[in-house]
Amino acid sequence: MPMLRLIFKPLSLLPLPVLHALGSVLGRILFLFARKAKTRTIANITQSQLLPNQIESAVQQSFIAIGEAILETPYIWNSDNQKVAQLMQQVEGWSHVEAAIKRDKGIIFLTPHMGCFEITSLYYALHHPITVLYRPPKKKWLAPLVSGRQRDNITLAEANANGVRKLLKSLKKGEAIGILPDQIPAAGEGEWADFFNKPAYTMTLASKLAEKTGATIIMAFGERLAGGKGYTLHLTSVDSIATPKLLNQAIEAQIAKSPNQYYWNYNRYKVSRKSKTKLQSKNQ
């Protein structure tokens, strides 16, 4: 859509504080009018039991976070390496990276849908190579807009058999890979496991790669700072993701640390027809 491309470029030129301020307004508008998304957000926050007495406030904060994420994305993707470094105000847990590099078994970065997950791989790539799993947009006209993810030290691996081979190759070289662990896998590529005490179709890829390579597992969260001041990168070592259940528990632990920055609107419990049939068979 040419119109979106025309909007995308000017947005990337605005200062981050302005984008976050506009994003906050956008989030509040979505909060008022996106009824279906609001219903799902309420249900997901309630299911988590993380904010039992703050549902209304949490829902609004979640929409604000989504608005800020939408408008910051052009800025992040069009930031050069120097600007990316400047945006990262603090890094907590870099010692986990250093220890993993010494092990030389590779690193699996797990980055859930929270905060600014786009900046985590960009920042890591300032120091070391990383291969990032991604799902191409369904609309072909969106493809040129996501080119900002591609740059020096970052290899994009499409979510298919060839992409998985790229991930495995990188790990065997002792390099890092990045995965959105709460992304819903295609039918046949996941297993059912509880996510906040409700069955969710969960990827098996991360667990299989970890088992096959012995890679270090690190949870990465790019916390969005107030007032457009930038980001703090939180890196947390994860003991095991040997099963989808353990993977979901690791994601839950990360979300619990900053629930207002998780994208509760994300349809984590979406069920494809094929997967739903398998779940029904399992429960019979």
# chains A, B, ... in the order shown; residues from 1 in each chain; ligands from 1
>>> residues_around(residues="A:Ser240", least_positions_apart="3", cutoff="9 Å", atoms="only C-alpha atoms", output="short mmCIF file (atom, residue, chain, number, x, y, z; two decimals) with all heavy atoms, in the first residue's frame")
data_model
loop_
_atom_site.label_atom_id
_atom_site.label_comp_id
_atom_site.auth_asym_id
_atom_site.auth_seq_id
_atom_site.Cartn_x
_atom_site.Cartn_y
_atom_site.Cartn_z
N SER A 207 12.77 -25.75 21.76
CA SER A 207 13.16 -26.87 22.63
C SER A 207 14.04 -27.87 21.89
O SER A 207 15.04 -28.36 22.43
CB SER A 207 11.91 -27.57 23.18
OG SER A 207 11.10 -26.67 23.90
N ALA A 210 17.54 -26.44 21.29
CA ALA A 210 18.31 -26.43 22.53
C ALA A 210 18.82 -27.82 22.86
O ALA A 210 19.98 -28.01 23.25
CB ALA A 210 17.44 -25.90 23.67
N ILE A 217 20.40 -20.75 26.85
CA ILE A 217 19.10 -20.11 26.65
C ILE A 217 19.08 -18.80 27.44
O ILE A 217 19.33 -18.79 28.65
CB ILE A 217 17.94 -21.00 27.15
CG1 ILE A 217 18.13 -22.44 26.67
CG2 ILE A 217 16.61 -20.42 26.69
CD1 ILE A 217 18.18 -22.59 25.18
N THR A 243 10.93 -28.85 27.27
CA THR A 243 9.56 -29.17 26.83
C THR A 243 8.81 -27.86 26.60
O THR A 243 9.18 -26.81 27.14
CB THR A 243 8.81 -29.97 27.91
OG1 THR A 243 8.66 -29.15 29.08
CG2 THR A 243 9.55 -31.25 28.26
N LEU A 246 7.96 -26.16 29.87
CA LEU A 246 9.04 -25.39 30.48
C LEU A 246 9.27 -24.08 29.72
O LEU A 246 9.57 -23.05 30.31
CB LEU A 246 10.32 -26.21 30.51
CG LEU A 246 10.36 -27.37 31.51
CD1 LEU A 246 11.62 -28.21 31.32
CD2 LEU A 246 10.30 -26.84 32.94
N LEU A 247 9.10 -24.12 28.39
CA LEU A 247 9.24 -22.91 27.59
C LEU A 247 8.20 -21.88 28.02
O LEU A 247 8.52 -20.70 28.25
CB LEU A 247 9.07 -23.24 26.11
CG LEU A 247 9.06 -22.05 25.14
CD1 LEU A 247 10.37 -21.28 25.19
CD2 LEU A 247 8.77 -22.51 23.72
N ALA A 250 8.98 -20.28 31.32
CA ALA A 250 10.03 -19.25 31.21
C ALA A 250 9.44 -17.94 30.69
O ALA A 250 9.81 -16.85 31.15
CB ALA A 250 11.14 -19.75 30.28
#
>>> residues_around(residues="A:Leu16", least_positions_apart="2", cutoff="7 Å", atoms="only C-alpha atoms", output="list of chain:residue names")
A:Leu14, A:Val18, A:Leu19, A:His20, A:Glu72, A:Gly228
>>> write_last_selection(atoms="all heavy atoms", output="CSV table (one decimal), in the first residue's frame")
chain,number,residue,atom,x,y,z
A,14,LEU,N,10.9,11.4,12.9
A,14,LEU,CA,10.5,12.1,14.2
A,14,LEU,C,11.3,11.6,15.4
A,14,LEU,O,11.7,10.4,15.4
A,14,LEU,CB,9.0,11.9,14.4
A,14,LEU,CG,8.0,12.5,13.4
A,14,LEU,CD1,6.6,12.0,13.8
A,14,LEU,CD2,8.1,14.0,13.4
A,18,VAL,N,8.6,12.1,20.7
A,18,VAL,CA,7.4,12.5,19.9
A,18,VAL,C,6.6,11.2,19.5
A,18,VAL,O,5.3,11.2,19.6
A,18,VAL,CB,7.7,13.4,18.7
A,18,VAL,CG1,6.5,13.6,17.9
A,18,VAL,CG2,8.4,14.6,19.2
A,19,LEU,N,7.3,10.3,19.0
A,19,LEU,CA,6.6,9.0,18.5
A,19,LEU,C,5.9,8.3,19.7
A,19,LEU,O,4.8,7.8,19.5
A,19,LEU,CB,7.7,8.1,17.9
A,19,LEU,CG,8.2,8.6,16.5
A,19,LEU,CD1,9.4,7.7,16.1
A,19,LEU,CD2,7.1,8.6,15.4
A,20,HIS,N,6.6,8.3,20.8
A,20,HIS,CA,5.9,7.6,22.0
A,20,HIS,C,4.7,8.4,22.5
A,20,HIS,O,3.7,7.8,22.9
A,20,HIS,CB,7.0,7.4,23.1
A,20,HIS,CG,7.8,6.2,22.8
A,20,HIS,ND1,8.9,5.8,23.7
A,20,HIS,CD2,7.8,5.3,21.8
A,20,HIS,CE1,9.5,4.8,23.2
A,20,HIS,NE2,8.9,4.4,22.1
A,72,GLU,N,6.9,3.4,17.0
A,72,GLU,CA,8.4,3.4,17.2
A,72,GLU,C,9.1,2.5,16.2
A,72,GLU,O,10.3,2.7,15.9
A,72,GLU,CB,8.8,2.9,18.6
A,72,GLU,CG,8.7,1.4,18.8
A,72,GLU,CD,8.9,1.0,20.2
A,72,GLU,OE1,9.2,1.9,21.1
A,72,GLU,OE2,8.8,-0.2,20.5
A,228,GLY,N,10.0,8.4,26.1
A,228,GLY,CA,10.9,8.3,24.9
A,228,GLY,C,12.4,8.4,25.2
A,228,GLY,O,13.2,8.7,24.3
>>> residues_around(residues="A:Ser121", least_positions_apart="2", cutoff="9 Å", atoms="only C-alpha atoms", output="PyMOL selection string")
chain A and resi 109+117-119+123-126+130-132+149+154+177-178
>>> closest_atom_pairs(of="stretch 71-92 of chain A", to="stretch 219-224 of chain A", cutoff="12 Å", atoms="only C-alpha atoms", output="CSV")
residue,atom,partner,partner_atom,distance
A:Glu72,CA,A:Arg224,CA,10.3
A:Leu87,CA,A:Arg224,CA,10.1
A:Met88,CA,A:Gly222,CA,8.7
A:Gln89,CA,A:Glu223,CA,10.2
A:Gln90,CA,A:Glu223,CA,9.8
A:Val91,CA,A:Gly222,CA,9.3
A:Glu92,CA,A:Ala220,CA,9.9
>>> residues_around(residues="A:Ala159", least_positions_apart="5", cutoff="9 Å", atoms="only C-alpha atoms", output="list in words")
Leu133, Tyr134, Arg135, Pro136 and Val164 of chain A
>>> write_last_selection(atoms="C-alpha atoms", output="short mmCIF file (atom, residue, chain, number, x, y, z; two decimals), in the first residue's frame")
data_model
loop_
_atom_site.label_atom_id
_atom_site.label_comp_id
_atom_site.auth_asym_id
_atom_site.auth_seq_id
_atom_site.Cartn_x
_atom_site.Cartn_y
_atom_site.Cartn_z
CA LEU A 133 13.66 -16.37 12.82
CA TYR A 134 10.81 -14.43 11.22
CA ARG A 135 7.51 -14.98 9.49
CA PRO A 136 7.13 -12.95 6.27
CA VAL A 164 15.50 -23.93 10.50
#
>>> closest_residue(among="A:Gly188, A:Gly214, A:Gly27, A:Gly163", to="A:Glu68", atoms="only C-alpha atoms")
A:Gly27
>>> residues_around(residues="A:Ala256", least_positions_apart="6", cutoff="12 Å", atoms="only C-alpha atoms", output="list in words")
Ile45, Ser48, Gln49, Leu50, Leu51, Met114, Phe196, Gln249, Ala250 and Tyr262 of chain A
